[in-house]
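Note: the block below is target_1.csv and it holds CSV, C-alpha atoms.
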chain,number,residue,atom,x,y,z
A,1,LYS,CA,18.5,-30.3,-12.9
A,2,PHE,CA,17.5,-26.9,-14.0
A,3,TYR,CA,18.2,-23.8,-12.0
A,4,VAL,CA,14.6,-22.6,-11.6
A,5,GLY,CA,14.7,-20.3,-8.6
A,6,LYS,CA,12.2,-20.4,-5.8
A,7,ILE,CA,8.6,-21.5,-6.0
A,8,MET,CA,6.2,-18.8,-4.7
A,9,THR,CA,2.5,-18.3,-5.6
A,10,ASN,CA,0.1,-17.9,-8.4
A,11,ILE,CA,0.3,-14.4,-9.7
A,12,TYR,CA,-1.3,-14.9,-13.1
A,13,ASN,CA,-4.6,-13.0,-12.4
A,14,GLU,CA,-2.7,-10.1,-10.8
A,15,MET,CA,-0.5,-9.9,-13.9
A,16,ILE,CA,-3.6,-10.0,-16.2
A,17,GLU,CA,-4.9,-6.9,-14.5
A,18,PHE,CA,-1.5,-5.2,-14.8
A,19,SER,CA,-1.4,-6.1,-18.5
A,20,LYS,CA,-4.9,-4.7,-19.2
A,21,LYS,CA,-3.9,-1.4,-17.6
A,22,HIS,CA,-0.3,-0.9,-18.6
A,23,ILE,CA,0.3,-3.0,-21.8
A,24,ALA,CA,-2.9,-3.3,-23.8
A,25,PRO,CA,-3.4,0.5,-24.4
A,26,TYR,CA,-0.1,0.7,-26.3
A,27,THR,CA,-0.3,-2.5,-28.3
A,28,THR,CA,-1.7,-0.9,-31.5
A,29,ASN,CA,1.1,1.7,-31.8
A,30,VAL,CA,3.7,-1.0,-31.0
A,31,ASP,CA,2.6,-2.9,-34.1
A,32,GLU,CA,1.6,-0.2,-36.5
A,33,LYS,CA,4.6,2.0,-35.9
A,34,ALA,CA,7.0,-0.8,-35.1
A,35,GLN,CA,7.9,0.9,-31.8
A,36,PHE,CA,9.5,-0.7,-28.8
A,37,PRO,CA,6.9,-0.7,-26.0
A,38,VAL,CA,8.6,2.0,-24.0
A,39,ASP,CA,5.4,3.0,-22.0
A,40,SER,CA,4.7,-0.5,-21.0
A,41,PHE,CA,8.3,-1.0,-19.8
A,42,GLU,CA,8.2,2.2,-17.8
A,43,ALA,CA,5.2,0.7,-15.9
A,44,ILE,CA,7.1,-2.7,-15.6
A,45,LYS,CA,10.1,-0.9,-14.1
A,46,LYS,CA,7.9,1.3,-11.8
A,47,GLU,CA,6.2,-1.8,-10.4
A,48,LYS,CA,9.7,-3.4,-10.0
A,49,LEU,CA,8.6,-6.4,-12.1
A,50,THR,CA,12.1,-6.3,-13.6
A,51,GLY,CA,13.1,-8.0,-10.4
A,52,LEU,CA,10.6,-10.8,-10.5
A,53,ILE,CA,13.2,-13.5,-10.3
A,54,VAL,CA,15.8,-11.6,-8.3
A,55,SER,CA,16.0,-12.9,-4.8
A,56,LYS,CA,14.6,-10.8,-1.9
A,57,GLU,CA,18.2,-10.5,-0.6
A,58,PHE,CA,18.9,-8.1,-3.4
A,59,GLY,CA,15.5,-6.4,-3.3
A,60,GLY,CA,13.7,-8.6,-5.8
A,61,LEU,CA,10.4,-10.5,-5.6
A,62,GLY,CA,12.2,-13.9,-5.2
A,63,CYS,CA,10.1,-15.8,-7.7
A,64,GLY,CA,11.0,-18.6,-10.1
A,65,LEU,CA,10.1,-20.5,-13.2
A,66,GLU,CA,6.3,-20.7,-12.5
A,67,GLU,CA,5.9,-17.0,-11.8
A,68,HIS,CA,8.1,-16.1,-14.8
A,69,THR,CA,5.8,-18.2,-17.0
A,70,GLN,CA,2.6,-16.9,-15.5
A,71,THR,CA,3.7,-13.3,-16.0
A,72,VAL,CA,4.9,-13.7,-19.6
A,73,LEU,CA,1.6,-15.5,-20.4
A,74,ALA,CA,-0.4,-12.7,-18.9
A,75,PHE,CA,1.5,-10.0,-20.7
A,76,ALA,CA,1.2,-11.9,-24.0
A,77,THR,CA,-2.6,-11.8,-23.8
A,78,SER,CA,-2.3,-8.1,-24.4
A,79,CYS,CA,0.9,-7.8,-26.4
A,80,ALA,CA,3.2,-10.5,-27.6
A,81,THR,CA,6.1,-8.1,-28.3
A,82,THR,CA,6.1,-6.8,-24.7
A,83,ALA,CA,5.9,-10.3,-23.4
A,84,LEU,CA,8.8,-11.5,-25.5
A,85,CYS,CA,11.1,-8.6,-24.6
A,86,TYR,CA,10.2,-9.0,-20.9
A,87,MET,CA,10.8,-12.7,-21.1
A,88,MET,CA,14.3,-12.2,-22.5
A,89,HIS,CA,15.1,-9.8,-19.7
A,90,ASN,CA,14.2,-12.4,-17.2
A,91,VAL,CA,16.3,-15.1,-18.9
A,92,ALA,CA,19.3,-12.8,-18.9
A,93,THR,CA,18.7,-11.9,-15.2
A,94,MET,CA,18.5,-15.5,-14.2
A,95,CYS,CA,22.0,-16.2,-15.7
A,96,ILE,CA,23.3,-13.7,-13.2
A,97,VAL,CA,21.2,-15.0,-10.4
A,98,ALA,CA,22.4,-18.6,-11.0
A,99,TYR,CA,26.0,-18.1,-12.2
A,100,GLY,CA,27.1,-14.6,-11.3
A,101,SER,CA,29.9,-14.0,-8.8
A,102,PRO,CA,29.0,-12.3,-5.5
A,103,GLU,CA,30.5,-9.1,-6.8
A,104,MET,CA,28.5,-9.3,-10.0
A,105,LYS,CA,25.3,-10.0,-8.1
A,106,ASN,CA,25.9,-7.1,-5.8
A,107,GLU,CA,26.6,-4.8,-8.8
A,108,TYR,CA,23.6,-5.7,-11.0
A,109,LEU,CA,20.8,-7.4,-9.1
A,110,PRO,CA,19.8,-4.5,-6.8
A,111,LYS,CA,19.6,-2.2,-9.8
A,112,ILE,CA,17.6,-4.7,-11.8
A,113,ALA,CA,15.2,-5.3,-8.8
A,114,ASN,CA,14.7,-1.5,-8.5
A,115,GLY,CA,13.7,-1.1,-12.1
A,116,GLU,CA,16.9,0.8,-13.1
A,117,LEU,CA,18.2,-1.8,-15.6
A,118,ILE,CA,16.8,-3.8,-18.5
A,119,LEU,CA,18.7,-6.7,-19.9
A,120,ALA,CA,18.6,-8.4,-23.3
A,121,LEU,CA,20.1,-11.4,-25.0
A,122,ALA,CA,22.6,-11.2,-27.9
A,123,PHE,CA,22.9,-14.8,-28.9
A,124,SER,CA,21.8,-15.4,-32.5
A,125,GLU,CA,24.3,-15.1,-35.4
A,126,THR,CA,23.9,-15.2,-39.2
A,127,GLY,CA,26.4,-18.0,-39.6
A,128,THR,CA,24.7,-20.4,-37.2
A,129,GLY,CA,21.0,-19.4,-37.5
A,130,THR,CA,18.7,-20.8,-34.9
A,131,HIS,CA,21.6,-22.8,-33.4
A,132,PHE,CA,22.5,-19.8,-31.1
A,133,TYR,CA,24.5,-22.1,-28.8
A,134,GLN,CA,27.2,-22.4,-31.5
A,135,PRO,CA,28.5,-18.8,-31.6
A,136,GLU,CA,31.3,-17.7,-33.9
A,137,ILE,CA,31.9,-14.4,-32.2
A,138,SER,CA,35.3,-14.5,-30.5
A,139,VAL,CA,37.2,-13.0,-27.5
A,140,THR,CA,41.0,-12.9,-27.9
A,141,LYS,CA,43.7,-12.0,-25.4
A,142,ASN,CA,46.5,-9.7,-26.4
A,143,ASN,CA,48.9,-8.4,-23.8
A,144,ASP,CA,46.4,-8.8,-21.0
A,145,ILE,CA,43.7,-7.0,-23.1
A,146,LEU,CA,40.6,-8.9,-24.0
A,147,LEU,CA,39.0,-8.0,-27.3
A,148,MET,CA,35.5,-9.1,-28.6
A,149,ASN,CA,34.9,-9.2,-32.3
A,150,GLY,CA,32.0,-10.5,-34.4
A,151,ARG,CA,28.3,-9.8,-35.2
A,152,LYS,CA,25.1,-10.8,-33.5
A,153,SER,CA,22.2,-10.9,-36.0
A,154,PHE,CA,18.8,-10.6,-34.2
A,155,VAL,CA,19.1,-8.8,-30.9
A,156,THR,CA,15.7,-8.1,-29.4
A,157,SER,CA,15.3,-4.8,-27.4
A,158,ALA,CA,18.4,-3.5,-29.1
A,159,LEU,CA,19.2,0.1,-28.1
A,160,TYR,CA,16.5,0.0,-25.4
A,161,ALA,CA,18.2,-2.5,-23.0
A,162,ASP,CA,21.0,-1.2,-20.8
A,163,PHE,CA,23.1,-4.4,-20.9
A,164,TYR,CA,23.3,-7.4,-23.3
A,165,LEU,CA,24.3,-11.0,-22.6
A,166,VAL,CA,26.7,-12.1,-25.3
A,167,LEU,CA,27.7,-15.8,-26.0
A,168,SER,CA,31.2,-16.3,-27.4
A,169,THR,CA,33.8,-19.0,-27.7
A,170,SER,CA,36.0,-19.1,-24.6
A,171,PHE,CA,39.4,-17.5,-25.0
A,172,ASP,CA,41.1,-19.6,-22.3
A,173,THR,CA,39.3,-23.0,-22.2
A,174,GLN,CA,37.0,-25.3,-24.1
A,175,GLY,CA,33.3,-24.3,-24.3
A,176,LEU,CA,31.5,-21.0,-24.3
A,177,ASP,CA,31.5,-17.9,-22.2
A,178,ASN,CA,28.6,-15.7,-21.4
A,179,TRP,CA,29.4,-12.0,-21.0
A,180,ILE,CA,27.4,-8.9,-19.8
A,181,ILE,CA,28.1,-6.0,-22.1
A,182,PRO,CA,26.9,-2.4,-21.6
A,183,LYS,CA,25.1,-0.6,-24.4
A,184,THR,CA,27.5,2.3,-24.4
A,185,CYS,CA,30.9,0.5,-24.7
A,186,GLU,CA,33.3,1.7,-27.3
A,187,GLY,CA,33.4,-0.3,-30.5
A,188,LEU,CA,29.8,-1.6,-30.2
A,189,VAL,CA,27.7,-0.6,-33.2
A,190,PHE,CA,24.0,-1.2,-33.6
A,191,GLU,CA,22.8,-1.6,-37.3
A,192,GLU,CA,19.7,0.4,-37.0
A,193,SER,CA,16.6,0.4,-39.3
A,194,SER,CA,17.2,-3.2,-40.3
A,195,TRP,CA,14.1,-4.7,-38.6
A,196,ASP,CA,10.8,-4.6,-40.4
A,197,GLY,CA,9.1,-7.8,-39.1
A,198,LEU,CA,6.0,-9.4,-40.4
A,199,GLY,CA,5.0,-9.8,-36.8
A,200,MET,CA,6.4,-8.9,-33.4
A,201,ARG,CA,7.1,-5.5,-35.0
A,202,GLY,CA,8.0,-3.7,-31.8
A,203,ASN,CA,10.9,-5.9,-30.8
A,204,ALA,CA,13.5,-3.4,-32.0
A,205,SER,CA,15.5,-6.4,-33.3
A,206,MET,CA,18.7,-5.5,-35.1
A,207,PRO,CA,22.3,-6.7,-35.5
A,208,MET,CA,25.0,-5.7,-33.0
A,209,VAL,CA,28.6,-5.5,-34.4
A,210,PHE,CA,31.6,-5.8,-32.1
A,211,LYS,CA,34.8,-4.2,-33.3
A,212,ASP,CA,37.6,-4.7,-30.9
A,213,VAL,CA,35.3,-4.2,-28.0
A,214,LYS,CA,37.4,-4.3,-24.8
A,215,VAL,CA,36.0,-6.6,-22.1
A,216,CYS,CA,37.2,-7.5,-18.6
A,217,GLU,CA,37.2,-10.9,-17.0
A,218,ASN,CA,34.8,-9.7,-14.4
A,219,GLN,CA,32.2,-9.2,-17.1
A,220,ARG,CA,32.2,-13.0,-17.7
A,221,ILE,CA,29.2,-14.6,-16.1
A,222,GLY,CA,30.3,-17.7,-14.2
A,223,ALA,CA,33.5,-19.7,-14.6
A,224,ALA,CA,35.4,-20.0,-17.9
A,225,GLY,CA,33.6,-22.3,-20.3
A,226,SER,CA,30.4,-22.4,-18.3
A,227,GLY,CA,28.3,-20.8,-21.1
A,228,THR,CA,27.2,-24.2,-22.3
A,229,ASP,CA,25.9,-25.1,-18.9
A,230,GLN,CA,24.1,-21.8,-18.6
A,231,VAL,CA,22.4,-22.4,-21.9
A,232,PHE,CA,21.2,-25.8,-20.7
A,233,ASN,CA,20.4,-25.1,-17.1
A,234,VAL,CA,19.0,-21.5,-17.3
A,235,VAL,CA,18.4,-20.3,-20.9
A,236,ALA,CA,16.7,-23.5,-22.1
A,237,PRO,CA,14.0,-23.8,-19.4
A,238,PHE,CA,13.3,-20.1,-19.0
A,239,PHE,CA,13.5,-19.2,-22.6
A,240,VAL,CA,11.7,-22.1,-24.1
A,241,ILE,CA,8.8,-22.1,-21.5
A,242,GLY,CA,8.8,-18.3,-22.0
A,243,LEU,CA,8.2,-18.7,-25.7
A,244,SER,CA,5.5,-21.2,-24.9
A,245,ALA,CA,3.8,-18.6,-22.7
A,246,VAL,CA,4.1,-15.9,-25.4
A,247,TYR,CA,2.4,-17.9,-28.0
A,248,SER,CA,-0.2,-19.4,-25.7
A,249,GLY,CA,-1.0,-15.8,-24.8
A,250,VAL,CA,-1.4,-14.9,-28.5
A,251,ALA,CA,-3.8,-17.8,-28.9
A,252,LEU,CA,-5.8,-16.7,-25.8
A,253,ASN,CA,-6.0,-13.1,-27.1
A,254,ALA,CA,-7.3,-14.4,-30.5
A,255,CYS,CA,-9.8,-16.6,-28.7
A,256,ASN,CA,-11.2,-13.8,-26.5
A,257,THR,CA,-11.3,-11.4,-29.4
A,258,VAL,CA,-13.1,-13.6,-31.9
A,259,ILE,CA,-15.7,-14.7,-29.3
A,260,GLU,CA,-16.5,-11.1,-28.5
A,261,TYR,CA,-16.7,-10.3,-32.2
A,262,SER,CA,-19.0,-13.2,-33.0
A,263,ILE,CA,-21.4,-12.0,-30.3
A,264,SER,CA,-21.4,-8.4,-31.3
A,265,ARG,CA,-21.5,-8.9,-35.1
A,266,LYS,CA,-25.2,-8.7,-36.0
A,267,TYR,CA,-27.0,-9.3,-39.3
A,268,SER,CA,-30.0,-7.3,-40.5
A,269,ASP,CA,-32.4,-9.7,-38.9
A,270,GLU,CA,-30.6,-9.1,-35.5
A,271,ASN,CA,-29.1,-12.6,-35.5
A,272,ALA,CA,-25.6,-12.7,-34.2
A,273,LEU,CA,-22.7,-14.4,-36.0
A,274,CYS,CA,-22.3,-16.7,-33.0
A,275,ASN,CA,-25.7,-18.3,-33.8
A,276,ILE,CA,-24.4,-20.0,-36.9
A,277,PRO,CA,-23.5,-23.6,-36.2
A,278,THR,CA,-20.3,-23.5,-38.3
A,279,VAL,CA,-19.1,-20.6,-36.3
A,280,GLN,CA,-20.0,-22.3,-33.1
A,281,ASN,CA,-17.9,-25.3,-34.2
A,282,HIS,CA,-14.9,-23.1,-35.0
A,283,LEU,CA,-15.3,-21.3,-31.6
A,284,ALA,CA,-15.3,-24.6,-29.8
A,285,GLN,CA,-12.0,-25.6,-31.6
A,286,ILE,CA,-10.4,-22.2,-30.9
A,287,TYR,CA,-11.3,-22.3,-27.2
A,288,THR,CA,-10.1,-25.9,-26.8
A,289,LYS,CA,-6.8,-25.3,-28.5
A,290,ALA,CA,-6.1,-21.9,-26.7
A,291,THR,CA,-6.9,-23.1,-23.2
A,292,ALA,CA,-5.1,-26.4,-23.8
A,293,ALA,CA,-2.0,-24.4,-24.8
A,294,LYS,CA,-2.3,-22.3,-21.6
A,295,HIS,CA,-2.7,-25.2,-19.2
A,296,PHE,CA,0.0,-27.3,-21.0
A,297,THR,CA,2.4,-24.3,-20.6
A,298,LEU,CA,1.6,-23.7,-16.9
A,299,ASN,CA,1.8,-27.4,-16.1
A,300,ALA,CA,5.2,-27.7,-17.9
A,301,ALA,CA,6.5,-24.8,-15.8
A,302,LYS,CA,5.3,-26.4,-12.7
A,303,SER,CA,7.0,-29.6,-13.7
A,304,GLY,CA,10.3,-27.7,-14.3
A,305,ALA,CA,10.0,-25.9,-11.0
A,306,GLY,CA,9.4,-29.2,-9.2
A,307,GLY,CA,12.3,-30.9,-10.9
A,308,ASP,CA,10.3,-33.7,-12.5
A,309,ALA,CA,12.4,-36.2,-14.5
A,310,ASP,CA,10.6,-35.4,-17.7
A,311,ALA,CA,10.5,-31.6,-17.1
A,312,LEU,CA,12.6,-30.8,-20.2
A,313,ALA,CA,10.5,-32.9,-22.5
A,314,GLN,CA,7.3,-31.2,-21.1
A,315,ILE,CA,8.8,-27.7,-21.6
A,316,ILE,CA,9.9,-28.4,-25.1
A,317,SER,CA,6.6,-30.1,-26.1
A,318,ALA,CA,4.6,-27.3,-24.5
A,319,ARG,CA,6.5,-24.8,-26.7
A,320,LEU,CA,5.9,-26.9,-29.8
A,321,ASN,CA,2.2,-27.2,-28.9
A,322,ALA,CA,1.8,-23.5,-28.2
A,323,SER,CA,3.5,-22.5,-31.5
A,324,ASP,CA,1.1,-24.7,-33.5
A,325,ALA,CA,-1.9,-23.7,-31.5
A,326,ALA,CA,-1.3,-20.0,-32.0
A,327,VAL,CA,-1.2,-20.3,-35.8
A,328,GLU,CA,-4.2,-22.6,-35.8
A,329,VAL,CA,-6.3,-20.5,-33.5
A,330,CYS,CA,-5.5,-17.3,-35.3
A,331,SER,CA,-6.2,-18.9,-38.7
A,332,LEU,CA,-9.7,-20.1,-37.6
A,333,ALA,CA,-10.3,-16.7,-36.0
A,334,MET,CA,-9.6,-15.0,-39.3
A,335,LYS,CA,-12.1,-17.4,-40.9
A,336,ILE,CA,-14.8,-16.3,-38.5
A,337,GLY,CA,-13.8,-12.6,-38.9
A,338,GLY,CA,-14.1,-12.9,-42.7
A,339,GLY,CA,-13.6,-9.7,-44.6
A,340,THR,CA,-13.6,-7.6,-41.4
A,341,ALA,CA,-10.6,-9.5,-40.2
A,342,TYR,CA,-8.8,-9.3,-43.5
A,343,ALA,CA,-9.5,-5.6,-43.7
A,344,LYS,CA,-7.6,-5.2,-40.4
A,345,ARG,CA,-10.7,-3.9,-38.6
A,346,THR,CA,-10.0,-6.3,-35.7
A,347,ILE,CA,-6.6,-7.3,-34.1
A,348,ILE,CA,-6.8,-10.9,-35.3
A,349,GLU,CA,-4.7,-10.2,-38.4
A,350,ARG,CA,-1.9,-8.8,-36.1
A,351,LEU,CA,-2.1,-11.8,-33.9
A,352,LEU,CA,-1.8,-14.1,-36.8
A,353,ARG,CA,1.4,-12.3,-37.9
A,354,ASP,CA,2.8,-12.5,-34.4
A,355,ALA,CA,1.9,-16.2,-34.3
A,356,TYR,CA,4.0,-17.0,-37.4
A,357,ALA,CA,7.1,-15.8,-35.6
A,358,ALA,CA,6.9,-18.9,-33.4
A,359,GLN,CA,8.1,-21.2,-36.2
A,360,VAL,CA,11.4,-19.4,-36.9
A,361,MET,CA,12.3,-17.8,-33.6
A,362,ALA,CA,15.4,-19.5,-32.2
A,363,PRO,CA,15.4,-22.3,-31.3
A,364,SER,CA,13.1,-22.9,-34.2
A,365,THR,CA,10.3,-25.6,-34.0
A,366,ASP,CA,12.4,-27.9,-36.2
A,367,VAL,CA,15.4,-27.6,-33.8
A,368,LEU,CA,13.1,-28.1,-30.8
A,369,SER,CA,11.6,-31.2,-32.3
A,370,ILE,CA,15.1,-32.7,-32.5
A,371,TRP,CA,15.8,-31.7,-28.9
A,372,LEU,CA,12.6,-33.4,-27.8
A,373,GLY,CA,13.5,-36.6,-29.6
A,374,LYS,CA,16.8,-36.6,-27.9
A,375,ALA,CA,15.3,-35.8,-24.5
A,376,LEU,CA,12.9,-38.6,-24.8
A,377,THR,CA,15.7,-41.1,-25.5
A,378,ASN,CA,18.1,-39.8,-22.9
A,379,GLN,CA,20.5,-38.3,-25.4
A,380,PRO,CA,22.4,-35.1,-24.7
A,381,ILE,CA,20.7,-32.2,-26.4
A,382,LEU,CA,23.7,-29.9,-27.0

Is it possible to give me this structure as structure tokens?
Amino acid sequence: KFYVGKIMTNIYNEMIEFSKKHIAPYTTNVDEKAQFPVDSFEAIKKEKLTGLIVSKEFGGLGCGLEEHTQTVLAFATSCATTALCYMMHNVATMCIVAYGSPEMKNEYLPKIANGELILALAFSETGTGTHFYQPEISVTKNNDILLMNGRKSFVTSALYADFYLVLSTSFDTQGLDNWIIPKTCEGLVFEESSWDGLGMRGNASMPMVFKDVKVCENQRIGAAGSGTDQVFNVVAPFFVIGLSAVYSGVALNACNTVIEYSISRKYSDENALCNIPTVQNHLAQIYTKATAAKHFTLNAAKSGAGGDADALAQIISARLNASDAAVEVCSLAMKIGGGTAYAKRTIIERLLRDAYAAQVMAPSTDVLSIWLGKALTNQPIL
């Protein structure tokens, strides 16, 4: 059964209002200048949303999988980049919530809840691609000194997060270890200026290189070799449903944008674009696909929070559906927008670029399809 945290209440509408005020105004610069959404994250930290899934015992909001999904979805209706970076922070936080020692929880969770710390994931590697749960990075022990060596390829929020969760092979047992590594540790190098994404341009994604980085056993989250369990019980549900929320949000943004455009676009005879039957047909398809992705995502999150037997299958299929829906919706919206959309006079072109990231972002849709097939036939995924 997944570790999903507590079930609280519906905060989607509240987060939509926050998103309109504190995220939407900065989205254009995030994309055009490929800038990390610093201003939005300052607001997120000020409102203590960094502690959404931190228990109230440590000063957090005490929420779980459903509220995580609602919040990421709401953020994504304004900016997919911000939603993605925030989602990864929550996933990293949940690893500490679920597996951290009492000492680790006391050290990190109050600061996360107070908006003092942002976390990120450093899982993907060039050698294993979207199979991030098969790391080649190593930790070796030499005269009681632990040294981490290797390279992580696509690290979202690089340089902006304060701590990074790093998957490695375990040095003292079978399986994987999950480590929390500070940005400032000696021997850690960020390969800057390597990210020029087609979409999701403000992610600040770049490689991290570990050159004899000294780590301590108290930086290991959970017991030795528990990294695989963390990937399945925490990362899989929170990350996969988070991506479903991100791309459902992209679809909803495109839907709302093109509906407004079709109403405001007038011809010389004062007829609006939305009066054309072909456009009405496209709008119907767009709305249906976007809202279906939203409700599928929210329902899958509810299934996961409730511990339903088919929760994993629902979460994976919601993500697959949202990924397809985002591309389909944005493509149809571009059709309606015509030359204006292709000339980048609306945000639809940006949303289409963001949508295409869904297919390749780890775990890719191809990998997820295999996972779903295994889940449906009671086979182990990893």

Once you count all atoms listed in the file, which residues end up no further than 8 Å from (30.2, -0.7, -37.0) in the file's frame, shown as a tab-separated table (two decimals) with C-alpha atoms, in the frame of the given file?
chain	number	residue	atom	x	y	z
A	187	GLY	CA	33.40	-0.30	-30.50
A	188	LEU	CA	29.80	-1.60	-30.20
A	189	VAL	CA	27.70	-0.60	-33.20
A	190	PHE	CA	24.00	-1.20	-33.60
A	191	GLU	CA	22.80	-1.60	-37.30
A	209	VAL	CA	28.60	-5.50	-34.40
A	210	PHE	CA	31.60	-5.80	-32.10
A	211	LYS	CA	34.80	-4.20	-33.30

Taking a cut-off of 9 Å and counting only C-alpha atoms, can you build a table that, for each residue of range 29-115 of chain A near range 149-166 of chain A, reports the nearest atom pair and how far apart they are in Å (one decimal), sorted by chain then residue number, as a tab-separated table?
residue	atom	partner	partner_atom	distance
A:Phe36	CA	A:Ser157	CA	7.2
A:Val38	CA	A:Tyr160	CA	8.3
A:Leu84	CA	A:Thr156	CA	8.6
A:Cys85	CA	A:Ser157	CA	6.3
A:Met88	CA	A:Thr156	CA	8.1
A:His89	CA	A:Ala161	CA	8.6
A:Ala92	CA	A:Leu165	CA	6.5
A:Cys95	CA	A:Leu165	CA	8.9

Original post:
Out of A:Ala326, A:Cys274, A:Ala43, A:Leu382, which residue has the shortest atom-to-atom distance to Asp229 in chain A when counting all atoms listed in the file?
Top reply: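 Counting all atoms listed in the file, the residue closest to Asp229 in chain A is A:Leu382.
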
Kindly provide, as a PyMOL selection string, the polymer residues lying within 8 Å of (30.0, -4.1, -24.3), counting all atoms listed in the file and using the coordinates exactly as they appear in the file.
-> chain A and resi 163-164+180-186+188+213-215

Gln359 in chain A proximity check over A:Arg319, A:Lys20, A:Arg201, A:Lys344, using all atoms listed in the file: winner is A:Arg319

Suppose you want the space between CA of Glu217 in chain A and CA of Ala113 in chain A; what is it in Å?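 The value is 24.1 Å.
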
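Our summary of the geometry notes that CA of Asn271 in chain A is positioned 29.0 Å from CA of Thr77 in chain A.
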
Between CA of Ser55 in chain A and CA of Ala223 in chain A - distance in Å to one decimal:
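Separation between CA of Ala223 in chain A and CA of Ser55 in chain A: 21.2 Å.
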
With distances taken over only C-alpha atoms, the candidate from A:Trp179, A:Tyr261, A:Tyr108, A:Phe296 nearest Ile336 in chain A is A:Tyr261
